[in-house]
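Asker: What follows is the file structure-v1.txt, containing compact mmCIF, N, CA and C atoms:
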```
# COMPACT_ATOMS: atom_id res chain seq x y z
N MET A 1 34.23 -187.19 81.43
CA MET A 1 35.53 -187.47 80.89
C MET A 1 36.52 -187.47 82.03
N VAL A 2 37.30 -188.54 82.13
CA VAL A 2 38.24 -188.66 83.25
C VAL A 2 39.62 -189.01 82.72
N ASP A 3 40.59 -188.27 83.18
CA ASP A 3 41.99 -188.61 82.95
C ASP A 3 42.57 -188.87 84.34
N PRO A 4 42.75 -190.14 84.72
CA PRO A 4 43.17 -190.44 86.09
C PRO A 4 44.59 -190.00 86.43
N LEU A 5 45.42 -189.80 85.42
CA LEU A 5 46.77 -189.30 85.68
C LEU A 5 47.16 -188.37 84.54
N ASP A 6 46.79 -187.12 84.69
CA ASP A 6 47.19 -186.14 83.69
C ASP A 6 48.61 -185.72 83.99
N GLY A 7 49.39 -185.67 82.94
CA GLY A 7 50.80 -185.36 83.11
C GLY A 7 51.59 -186.65 83.33
N THR A 8 51.22 -187.68 82.60
CA THR A 8 51.86 -189.00 82.77
C THR A 8 53.37 -188.91 82.59
N THR A 9 53.81 -188.23 81.55
CA THR A 9 55.25 -188.09 81.33
C THR A 9 55.89 -187.32 82.48
N ASN A 10 55.22 -186.29 82.97
CA ASN A 10 55.72 -185.56 84.13
C ASN A 10 55.88 -186.51 85.32
N PHE A 11 54.86 -187.35 85.55
CA PHE A 11 54.90 -188.29 86.66
C PHE A 11 56.08 -189.25 86.54
N VAL A 12 56.28 -189.79 85.35
CA VAL A 12 57.37 -190.74 85.12
C VAL A 12 58.73 -190.11 85.41
N HIS A 13 58.85 -188.81 85.14
CA HIS A 13 60.12 -188.11 85.35
C HIS A 13 60.17 -187.32 86.66
N SER A 14 59.22 -187.59 87.57
CA SER A 14 59.14 -186.91 88.87
C SER A 14 59.03 -185.40 88.76
N TYR A 15 58.47 -184.92 87.66
CA TYR A 15 58.19 -183.49 87.48
C TYR A 15 56.84 -183.24 88.13
N PRO A 16 56.72 -182.34 89.10
CA PRO A 16 55.56 -182.32 90.00
C PRO A 16 54.27 -181.72 89.47
N PHE A 17 54.06 -181.66 88.16
CA PHE A 17 52.82 -181.12 87.62
C PHE A 17 51.97 -182.25 87.06
N THR A 18 51.23 -182.91 87.95
CA THR A 18 50.32 -183.98 87.58
C THR A 18 49.05 -183.83 88.41
N CYS A 19 47.97 -184.42 87.92
CA CYS A 19 46.73 -184.40 88.68
C CYS A 19 45.71 -185.29 88.01
N VAL A 20 44.52 -185.33 88.58
CA VAL A 20 43.38 -186.04 88.01
C VAL A 20 42.49 -185.00 87.36
N SER A 21 42.04 -185.26 86.14
CA SER A 21 41.16 -184.33 85.43
C SER A 21 39.81 -184.99 85.24
N ILE A 22 38.75 -184.35 85.77
CA ILE A 22 37.39 -184.88 85.65
C ILE A 22 36.51 -183.77 85.10
N GLY A 23 35.84 -184.04 83.99
CA GLY A 23 34.96 -183.04 83.40
C GLY A 23 33.70 -183.69 82.85
N LEU A 24 32.61 -182.94 82.85
CA LEU A 24 31.34 -183.39 82.30
C LEU A 24 30.99 -182.49 81.13
N SER A 25 30.62 -183.09 80.01
CA SER A 25 30.20 -182.32 78.83
C SER A 25 28.79 -182.72 78.45
N VAL A 26 27.98 -181.71 78.14
CA VAL A 26 26.62 -181.92 77.65
C VAL A 26 26.52 -181.19 76.32
N LYS A 27 26.14 -181.91 75.28
CA LYS A 27 26.08 -181.34 73.93
C LYS A 27 27.42 -180.71 73.55
N ARG A 28 28.51 -181.41 73.89
CA ARG A 28 29.88 -181.01 73.54
C ARG A 28 30.35 -179.74 74.23
N GLN A 29 29.69 -179.33 75.30
CA GLN A 29 30.11 -178.18 76.07
C GLN A 29 30.41 -178.61 77.50
N PRO A 30 31.63 -178.37 77.98
CA PRO A 30 31.96 -178.74 79.37
C PRO A 30 31.05 -177.98 80.35
N VAL A 31 30.44 -178.71 81.25
CA VAL A 31 29.58 -178.11 82.27
C VAL A 31 29.78 -178.84 83.59
N VAL A 32 29.87 -178.12 84.64
CA VAL A 32 29.87 -178.60 86.02
C VAL A 32 30.58 -177.53 86.83
N ASP A 33 30.13 -177.31 88.03
CA ASP A 33 30.73 -176.31 88.88
C ASP A 33 31.98 -176.91 89.52
N LEU A 34 33.15 -176.46 89.08
CA LEU A 34 34.41 -177.03 89.55
C LEU A 34 35.21 -176.05 90.41
N ARG A 35 34.56 -175.02 90.94
CA ARG A 35 35.30 -173.99 91.69
C ARG A 35 35.99 -174.54 92.92
N ALA A 36 35.50 -175.62 93.48
CA ALA A 36 36.08 -176.16 94.71
C ALA A 36 37.14 -177.22 94.44
N ALA A 37 37.45 -177.49 93.18
CA ALA A 37 38.38 -178.58 92.87
C ALA A 37 39.44 -178.12 91.89
N LEU A 38 40.58 -178.77 91.91
CA LEU A 38 41.65 -178.51 90.96
C LEU A 38 41.84 -179.78 90.13
N PHE A 39 41.76 -179.62 88.81
CA PHE A 39 41.90 -180.75 87.91
C PHE A 39 42.98 -180.42 86.88
N ALA A 40 43.61 -181.40 86.32
CA ALA A 40 44.61 -181.17 85.28
C ALA A 40 44.67 -182.35 84.34
N THR A 41 45.45 -182.20 83.27
CA THR A 41 45.54 -183.25 82.26
C THR A 41 46.85 -183.18 81.51
N GLU A 42 47.14 -184.18 80.72
CA GLU A 42 48.37 -184.24 79.94
C GLU A 42 48.21 -183.51 78.61
N VAL A 43 49.29 -182.94 78.11
CA VAL A 43 49.26 -182.25 76.83
C VAL A 43 50.43 -182.69 75.97
N GLY A 44 50.40 -182.31 74.71
CA GLY A 44 51.54 -182.54 73.84
C GLY A 44 51.71 -183.95 73.33
N THR A 45 50.63 -184.64 73.05
CA THR A 45 50.75 -186.03 72.62
C THR A 45 50.90 -186.20 71.11
N MET A 46 50.55 -185.19 70.34
CA MET A 46 50.61 -185.29 68.88
C MET A 46 52.03 -184.97 68.40
N ARG A 47 52.62 -185.85 67.61
CA ARG A 47 54.00 -185.66 67.17
C ARG A 47 54.16 -185.67 65.66
N SER A 48 53.10 -185.46 64.91
CA SER A 48 53.24 -185.41 63.47
C SER A 48 54.11 -184.22 63.09
N PRO A 49 54.85 -184.30 61.99
CA PRO A 49 55.70 -183.17 61.59
C PRO A 49 54.92 -181.87 61.44
N GLU A 50 53.67 -181.95 60.96
CA GLU A 50 52.86 -180.75 60.80
C GLU A 50 52.52 -180.12 62.15
N THR A 51 52.16 -180.96 63.13
CA THR A 51 51.82 -180.45 64.45
C THR A 51 53.04 -179.85 65.13
N VAL A 52 54.16 -180.53 65.08
CA VAL A 52 55.39 -180.03 65.70
C VAL A 52 55.79 -178.70 65.05
N ALA A 53 55.70 -178.62 63.74
CA ALA A 53 56.04 -177.37 63.04
C ALA A 53 55.09 -176.25 63.46
N ALA A 54 53.80 -176.54 63.57
CA ALA A 54 52.83 -175.52 63.98
C ALA A 54 53.12 -175.02 65.39
N VAL A 55 53.44 -175.94 66.30
CA VAL A 55 53.75 -175.55 67.68
C VAL A 55 54.97 -174.65 67.72
N PHE A 56 56.04 -175.05 67.07
CA PHE A 56 57.26 -174.25 67.13
C PHE A 56 57.14 -172.94 66.37
N ASP A 57 56.35 -172.91 65.31
CA ASP A 57 56.09 -171.64 64.62
C ASP A 57 55.37 -170.67 65.55
N ARG A 58 54.39 -171.17 66.28
CA ARG A 58 53.66 -170.29 67.22
C ARG A 58 54.57 -169.84 68.36
N ILE A 59 55.40 -170.74 68.87
CA ILE A 59 56.32 -170.36 69.94
C ILE A 59 57.26 -169.26 69.46
N GLN A 60 57.77 -169.39 68.26
CA GLN A 60 58.67 -168.37 67.71
C GLN A 60 57.95 -167.03 67.60
N THR A 61 56.72 -167.04 67.12
CA THR A 61 55.95 -165.80 67.01
C THR A 61 55.67 -165.20 68.38
N LEU A 62 55.28 -166.04 69.33
CA LEU A 62 54.98 -165.55 70.67
C LEU A 62 56.21 -164.97 71.38
N THR A 63 57.33 -165.66 71.28
CA THR A 63 58.52 -165.18 72.00
C THR A 63 59.01 -163.85 71.45
N ALA A 64 58.69 -163.55 70.22
CA ALA A 64 59.07 -162.26 69.66
C ALA A 64 58.18 -161.13 70.18
N ASN A 65 57.01 -161.48 70.72
CA ASN A 65 56.03 -160.48 71.13
C ASN A 65 55.62 -160.54 72.59
N MET A 66 56.20 -161.44 73.37
CA MET A 66 55.81 -161.60 74.77
C MET A 66 57.04 -161.66 75.65
N ARG A 67 56.81 -161.53 76.94
CA ARG A 67 57.90 -161.58 77.92
C ARG A 67 58.56 -162.95 77.96
N SER A 68 57.74 -164.02 78.02
CA SER A 68 58.30 -165.35 78.15
C SER A 68 57.24 -166.40 77.84
N VAL A 69 57.67 -167.63 77.67
CA VAL A 69 56.77 -168.75 77.40
C VAL A 69 57.04 -169.82 78.45
N ARG A 70 55.99 -170.44 78.98
CA ARG A 70 56.11 -171.51 79.96
C ARG A 70 55.39 -172.74 79.45
N CYS A 71 55.90 -173.91 79.78
CA CYS A 71 55.26 -175.19 79.47
C CYS A 71 55.35 -176.05 80.72
N CYS A 72 54.21 -176.49 81.25
CA CYS A 72 54.25 -177.29 82.48
C CYS A 72 53.88 -178.75 82.25
N GLY A 73 53.34 -179.10 81.09
CA GLY A 73 53.02 -180.49 80.82
C GLY A 73 51.59 -180.89 81.15
N SER A 74 50.72 -179.92 81.44
CA SER A 74 49.33 -180.23 81.75
C SER A 74 48.43 -179.15 81.18
N CYS A 75 47.57 -179.54 80.25
CA CYS A 75 46.64 -178.61 79.63
C CYS A 75 45.73 -177.98 80.67
N ALA A 76 45.15 -178.80 81.54
CA ALA A 76 44.23 -178.28 82.54
C ALA A 76 44.92 -177.35 83.52
N VAL A 77 46.14 -177.67 83.95
CA VAL A 77 46.87 -176.79 84.87
C VAL A 77 47.13 -175.45 84.20
N ASN A 78 47.47 -175.45 82.92
CA ASN A 78 47.67 -174.19 82.20
C ASN A 78 46.37 -173.40 82.08
N LEU A 79 45.26 -174.06 81.78
CA LEU A 79 43.97 -173.38 81.70
C LEU A 79 43.60 -172.76 83.06
N VAL A 80 43.85 -173.49 84.13
CA VAL A 80 43.59 -172.97 85.47
C VAL A 80 44.55 -171.82 85.77
N GLY A 81 45.78 -171.90 85.27
CA GLY A 81 46.73 -170.79 85.43
C GLY A 81 46.22 -169.51 84.81
N VAL A 82 45.57 -169.62 83.66
CA VAL A 82 44.94 -168.45 83.03
C VAL A 82 43.75 -168.00 83.87
N ALA A 83 42.94 -168.94 84.32
CA ALA A 83 41.75 -168.60 85.11
C ALA A 83 42.09 -167.83 86.37
N CYS A 84 43.19 -168.18 87.02
CA CYS A 84 43.53 -167.51 88.28
C CYS A 84 44.53 -166.36 88.09
N GLY A 85 44.89 -166.07 86.85
CA GLY A 85 45.73 -164.91 86.59
C GLY A 85 47.23 -165.15 86.64
N ARG A 86 47.68 -166.38 86.77
CA ARG A 86 49.12 -166.69 86.75
C ARG A 86 49.69 -166.58 85.35
N LEU A 87 48.86 -166.88 84.36
CA LEU A 87 49.25 -166.80 82.96
C LEU A 87 48.30 -165.86 82.24
N ASP A 88 48.78 -165.19 81.21
CA ASP A 88 47.93 -164.31 80.42
C ASP A 88 47.20 -165.04 79.31
N ALA A 89 47.78 -166.10 78.79
CA ALA A 89 47.16 -166.85 77.69
C ALA A 89 47.75 -168.26 77.66
N PHE A 90 47.04 -169.16 77.00
CA PHE A 90 47.50 -170.54 76.82
C PHE A 90 46.93 -171.06 75.51
N TYR A 91 47.72 -171.83 74.79
CA TYR A 91 47.22 -172.53 73.61
C TYR A 91 47.87 -173.90 73.56
N GLU A 92 47.21 -174.79 72.88
CA GLU A 92 47.75 -176.14 72.69
C GLU A 92 47.25 -176.67 71.37
N VAL A 93 48.13 -177.22 70.58
CA VAL A 93 47.78 -177.86 69.32
C VAL A 93 48.07 -179.34 69.47
N GLY A 94 47.09 -180.18 69.20
CA GLY A 94 47.32 -181.62 69.24
C GLY A 94 47.37 -182.22 70.62
N PHE A 95 46.51 -181.76 71.55
CA PHE A 95 46.47 -182.37 72.88
C PHE A 95 45.83 -183.74 72.79
N GLY A 96 45.89 -184.50 73.87
CA GLY A 96 45.48 -185.89 73.86
C GLY A 96 44.03 -186.16 73.50
N GLY A 97 43.12 -185.36 74.00
CA GLY A 97 41.71 -185.58 73.73
C GLY A 97 40.85 -184.72 74.63
N CYS A 98 39.53 -184.96 74.55
CA CYS A 98 38.58 -184.15 75.30
C CYS A 98 38.84 -184.18 76.80
N TRP A 99 39.33 -185.30 77.31
CA TRP A 99 39.63 -185.43 78.74
C TRP A 99 40.75 -184.48 79.17
N ASP A 100 41.54 -184.00 78.23
CA ASP A 100 42.63 -183.08 78.55
C ASP A 100 42.16 -181.65 78.78
N VAL A 101 40.95 -181.30 78.32
CA VAL A 101 40.53 -179.90 78.38
C VAL A 101 39.21 -179.66 79.10
N ALA A 102 38.38 -180.67 79.28
CA ALA A 102 37.02 -180.46 79.78
C ALA A 102 37.00 -179.75 81.14
N ALA A 103 37.75 -180.22 82.09
CA ALA A 103 37.73 -179.62 83.44
C ALA A 103 38.35 -178.23 83.44
N GLY A 104 39.49 -178.06 82.79
CA GLY A 104 40.15 -176.76 82.75
C GLY A 104 39.31 -175.70 82.06
N VAL A 105 38.61 -176.09 81.00
CA VAL A 105 37.74 -175.14 80.29
C VAL A 105 36.61 -174.68 81.21
N CYS A 106 36.02 -175.58 81.99
CA CYS A 106 34.97 -175.19 82.93
C CYS A 106 35.49 -174.15 83.91
N ILE A 107 36.64 -174.40 84.49
CA ILE A 107 37.21 -173.48 85.47
C ILE A 107 37.53 -172.14 84.81
N LEU A 108 38.13 -172.16 83.63
CA LEU A 108 38.46 -170.92 82.93
C LEU A 108 37.20 -170.11 82.62
N ARG A 109 36.17 -170.76 82.11
CA ARG A 109 34.92 -170.06 81.78
C ARG A 109 34.25 -169.51 83.04
N GLU A 110 34.26 -170.29 84.13
CA GLU A 110 33.67 -169.81 85.38
C GLU A 110 34.40 -168.58 85.90
N ALA A 111 35.66 -168.44 85.57
CA ALA A 111 36.46 -167.27 85.97
C ALA A 111 36.29 -166.11 85.00
N GLY A 112 35.51 -166.32 83.93
CA GLY A 112 35.27 -165.25 82.97
C GLY A 112 36.18 -165.29 81.76
N GLY A 113 36.97 -166.35 81.62
CA GLY A 113 37.88 -166.48 80.48
C GLY A 113 37.18 -166.98 79.23
N GLN A 114 37.88 -166.92 78.13
CA GLN A 114 37.35 -167.36 76.84
C GLN A 114 38.19 -168.52 76.31
N VAL A 115 37.55 -169.43 75.62
CA VAL A 115 38.22 -170.54 74.95
C VAL A 115 37.95 -170.38 73.46
N LEU A 116 39.00 -170.35 72.68
CA LEU A 116 38.88 -170.13 71.24
C LEU A 116 39.51 -171.29 70.48
N ASP A 117 38.98 -171.58 69.31
CA ASP A 117 39.55 -172.58 68.42
C ASP A 117 40.70 -171.90 67.64
N PRO A 118 41.88 -172.52 67.58
CA PRO A 118 43.00 -171.88 66.88
C PRO A 118 42.77 -171.68 65.39
N ALA A 119 41.81 -172.42 64.81
CA ALA A 119 41.51 -172.26 63.39
C ALA A 119 40.49 -171.15 63.15
N GLY A 120 39.97 -170.56 64.20
CA GLY A 120 39.03 -169.46 64.06
C GLY A 120 37.58 -169.84 64.19
N GLY A 121 37.27 -171.13 64.25
CA GLY A 121 35.88 -171.57 64.39
C GLY A 121 35.46 -171.60 65.85
N ALA A 122 34.23 -172.01 66.06
CA ALA A 122 33.72 -172.16 67.42
C ALA A 122 34.47 -173.30 68.11
N TRP A 123 34.83 -173.13 69.37
CA TRP A 123 35.55 -174.17 70.10
C TRP A 123 34.63 -175.34 70.39
N ASP A 124 35.15 -176.55 70.21
CA ASP A 124 34.39 -177.79 70.43
C ASP A 124 35.26 -178.71 71.26
N VAL A 125 34.73 -179.21 72.37
CA VAL A 125 35.49 -180.07 73.28
C VAL A 125 36.03 -181.33 72.59
N MET A 126 35.42 -181.75 71.50
CA MET A 126 35.86 -182.97 70.82
C MET A 126 36.95 -182.72 69.78
N ASN A 127 37.26 -181.45 69.49
CA ASN A 127 38.34 -181.14 68.56
C ASN A 127 39.67 -181.08 69.26
N ARG A 128 40.73 -181.34 68.52
CA ARG A 128 42.07 -181.26 69.09
C ARG A 128 42.79 -180.06 68.55
```
For this file, write the structure as C-alpha cells.
Answerer:
Amino acid sequence: MVDPLDGTTNFVHSYPFTCVSIGLSVKRQPVVDLRAALFATEVGTMRSPETVAAVFDRIQTLTANMRSVRCCGSCAVNLVGVACGRLDAFYEVGFGGCWDVAAGVCILREAGGQVLDPAGGAWDVMNR
C-alpha cells in the first residue's frame, strides 16, 4: 500500500507534516521491518455528519481528561509519534484508507505499541 503524498492538504497549505507512506499487508496485517524508515499518511478525509460528530465528541471527552490534544494531519506521523514516545495515544475515525495506517501500524507494533479498533473489535487494516 503506497500513499505517495500523505498529508496532501498539509502540502497544499505549506504545513510541513507530509511524507510518503509505504506498507505491506499479508492477510490484512501490516508486516515489514520499517525501523530504518519514516513513513506518514493523510488523515481526516471522512466528512459525514456522523463522523464529524464522533470526532468532536471524542475530542471533548479527551480534553476533559488529558493535558492537551494535537492534530498534525498525518495518521502515520501520529502513530510514529506514539511509537517513539512523543504522544501517549492517537485515534482516528474515518481516515482515508489502508494506505493511511499500514506503515505507521508496523512501526508502532515494532516499538511494542498496540492498535485497537474504536468499536471494540479486532483491528483490521481494511477498516476505517
Asker: Quote the spacing between CA of Asp3 in chain A and CA of Cys71 in chain A in Å to one decimal place.
Answerer: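 Rounded to one decimal, the two atoms are 19.2 Å apart.
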Asker: Write down as an NGL selection string the residues belonging to chain A that are assigned helix (DSSP H, G or I) by DSSP computed on the backbone.
Answerer: :A and (8-12 or 49-65 or 75-83 or 98-100 or 102-110)
Asker: Considering only strand (DSSP E) as DSSP defines it on the backbone, what residues of chain A qualify? List them as a PDB file with N, CA and C atoms, keeping the file's coordinate frame.
Answerer:
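Final output, saved to part.pdb:
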```pdb
ATOM      1  N   VAL A   2      37.300-188.540  82.130  1.00  0.00           N
ATOM      2  CA  VAL A   2      38.240-188.660  83.250  1.00  0.00           C
ATOM      3  C   VAL A   2      39.620-189.010  82.720  1.00  0.00           C
ATOM      4  N   ASP A   3      40.590-188.270  83.180  1.00  0.00           N
ATOM      5  CA  ASP A   3      41.990-188.610  82.950  1.00  0.00           C
ATOM      6  C   ASP A   3      42.570-188.870  84.340  1.00  0.00           C
ATOM      7  N   PRO A   4      42.750-190.140  84.720  1.00  0.00           N
ATOM      8  CA  PRO A   4      43.170-190.440  86.090  1.00  0.00           C
ATOM      9  C   PRO A   4      44.590-190.000  86.430  1.00  0.00           C
ATOM     10  N   LEU A   5      45.420-189.800  85.420  1.00  0.00           N
ATOM     11  CA  LEU A   5      46.770-189.300  85.680  1.00  0.00           C
ATOM     12  C   LEU A   5      47.160-188.370  84.540  1.00  0.00           C
ATOM     13  N   ASP A   6      46.790-187.120  84.690  1.00  0.00           N
ATOM     14  CA  ASP A   6      47.190-186.140  83.690  1.00  0.00           C
ATOM     15  C   ASP A   6      48.610-185.720  83.990  1.00  0.00           C
ATOM     16  N   CYS A  19      47.970-184.420  87.920  1.00  0.00           N
ATOM     17  CA  CYS A  19      46.730-184.400  88.680  1.00  0.00           C
ATOM     18  C   CYS A  19      45.710-185.290  88.010  1.00  0.00           C
ATOM     19  N   VAL A  20      44.520-185.330  88.580  1.00  0.00           N
ATOM     20  CA  VAL A  20      43.380-186.040  88.010  1.00  0.00           C
ATOM     21  C   VAL A  20      42.490-185.000  87.360  1.00  0.00           C
ATOM     22  N   SER A  21      42.040-185.260  86.140  1.00  0.00           N
ATOM     23  CA  SER A  21      41.160-184.330  85.430  1.00  0.00           C
ATOM     24  C   SER A  21      39.810-184.990  85.240  1.00  0.00           C
ATOM     25  N   ILE A  22      38.750-184.350  85.770  1.00  0.00           N
ATOM     26  CA  ILE A  22      37.390-184.880  85.650  1.00  0.00           C
ATOM     27  C   ILE A  22      36.510-183.770  85.100  1.00  0.00           C
ATOM     28  N   SER A  25      30.620-183.090  80.010  1.00  0.00           N
ATOM     29  CA  SER A  25      30.200-182.320  78.830  1.00  0.00           C
ATOM     30  C   SER A  25      28.790-182.720  78.450  1.00  0.00           C
ATOM     31  N   VAL A  26      27.980-181.710  78.140  1.00  0.00           N
ATOM     32  CA  VAL A  26      26.620-181.920  77.650  1.00  0.00           C
ATOM     33  C   VAL A  26      26.520-181.190  76.320  1.00  0.00           C
ATOM     34  N   GLN A  29      29.690-179.330  75.300  1.00  0.00           N
ATOM     35  CA  GLN A  29      30.110-178.180  76.070  1.00  0.00           C
ATOM     36  C   GLN A  29      30.410-178.610  77.500  1.00  0.00           C
ATOM     37  N   PRO A  30      31.630-178.370  77.980  1.00  0.00           N
ATOM     38  CA  PRO A  30      31.960-178.740  79.370  1.00  0.00           C
ATOM     39  C   PRO A  30      31.050-177.980  80.350  1.00  0.00           C
TER      40      PRO A  30
END
```
Asker: Residues near Asp88 in chain A, anyone? I mean within 12 Å using only C-alpha atoms, not counting same-chain ones fewer than 6 positions away, as a ChimeraX atom specification.
Answerer: /A:66-70,78-82,108,113-114
Asker: Once you have the residues from the selection above, write them out as a PDB file, in the frame of the given file, restricted to N, CA and C atoms.
Answerer:
```
ATOM      1  N   MET A  66      56.200-161.440  73.370  1.00  0.00           N
ATOM      2  CA  MET A  66      55.810-161.600  74.770  1.00  0.00           C
ATOM      3  C   MET A  66      57.040-161.660  75.650  1.00  0.00           C
ATOM      4  N   ARG A  67      56.810-161.530  76.940  1.00  0.00           N
ATOM      5  CA  ARG A  67      57.900-161.580  77.920  1.00  0.00           C
ATOM      6  C   ARG A  67      58.560-162.950  77.960  1.00  0.00           C
ATOM      7  N   SER A  68      57.740-164.020  78.020  1.00  0.00           N
ATOM      8  CA  SER A  68      58.300-165.350  78.150  1.00  0.00           C
ATOM      9  C   SER A  68      57.240-166.400  77.840  1.00  0.00           C
ATOM     10  N   VAL A  69      57.670-167.630  77.670  1.00  0.00           N
ATOM     11  CA  VAL A  69      56.770-168.750  77.400  1.00  0.00           C
ATOM     12  C   VAL A  69      57.040-169.820  78.450  1.00  0.00           C
ATOM     13  N   ARG A  70      55.990-170.440  78.980  1.00  0.00           N
ATOM     14  CA  ARG A  70      56.110-171.510  79.960  1.00  0.00           C
ATOM     15  C   ARG A  70      55.390-172.740  79.450  1.00  0.00           C
ATOM     16  N   ASN A  78      47.470-175.450  82.920  1.00  0.00           N
ATOM     17  CA  ASN A  78      47.670-174.190  82.200  1.00  0.00           C
ATOM     18  C   ASN A  78      46.370-173.400  82.080  1.00  0.00           C
ATOM     19  N   LEU A  79      45.260-174.060  81.780  1.00  0.00           N
ATOM     20  CA  LEU A  79      43.970-173.380  81.700  1.00  0.00           C
ATOM     21  C   LEU A  79      43.600-172.760  83.060  1.00  0.00           C
ATOM     22  N   VAL A  80      43.850-173.490  84.130  1.00  0.00           N
ATOM     23  CA  VAL A  80      43.590-172.970  85.470  1.00  0.00           C
ATOM     24  C   VAL A  80      44.550-171.820  85.770  1.00  0.00           C
ATOM     25  N   GLY A  81      45.780-171.900  85.270  1.00  0.00           N
ATOM     26  CA  GLY A  81      46.730-170.790  85.430  1.00  0.00           C
ATOM     27  C   GLY A  81      46.220-169.510  84.810  1.00  0.00           C
ATOM     28  N   VAL A  82      45.570-169.620  83.660  1.00  0.00           N
ATOM     29  CA  VAL A  82      44.940-168.450  83.030  1.00  0.00           C
ATOM     30  C   VAL A  82      43.750-168.000  83.870  1.00  0.00           C
ATOM     31  N   LEU A 108      38.130-172.160  83.630  1.00  0.00           N
ATOM     32  CA  LEU A 108      38.460-170.920  82.930  1.00  0.00           C
ATOM     33  C   LEU A 108      37.200-170.110  82.620  1.00  0.00           C
ATOM     34  N   GLY A 113      36.970-166.350  81.620  1.00  0.00           N
ATOM     35  CA  GLY A 113      37.880-166.480  80.480  1.00  0.00           C
ATOM     36  C   GLY A 113      37.180-166.980  79.230  1.00  0.00           C
ATOM     37  N   GLN A 114      37.880-166.920  78.130  1.00  0.00           N
ATOM     38  CA  GLN A 114      37.350-167.360  76.840  1.00  0.00           C
ATOM     39  C   GLN A 114      38.190-168.520  76.310  1.00  0.00           C
TER      40      GLN A 114
END
```
Asker: Just to confirm, what's the straight-line distance from atom N of Cys106 in chain A to atom C of Thr9 in chain A in Å (one decimal)?
Answerer: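 Going from atom N of Cys106 in chain A over to atom C of Thr9 in chain A, I get 23.1 Å.
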Asker: Measure the distance from atom N of Ala103 in chain A to atom N of Ile22 in chain A in Å and round it to one decimal.
Answerer: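 Between atom N of Ala103 in chain A and atom N of Ile22 in chain A the gap is 5.6 Å.
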Asker: Ranking A:Ala119, A:Asn10, A:Arg109, A:Val93 by minimum distance to Val55 in chain A and counting all atoms listed in the file, which one comes first?
Answerer: A:Val93
Asker: Could you give me the centre and size, in Å to one decimal, of an axis-aligned box around all listed atoms of range 107-111 of chain A with 6 Å added on every side, as AutoDock Vina command-line options?
Answerer:
```
--center_x 36.1 --center_y -170.3 --center_z 83.9 --size_x 16.8 --size_y 20.3 --size_z 16.2
```
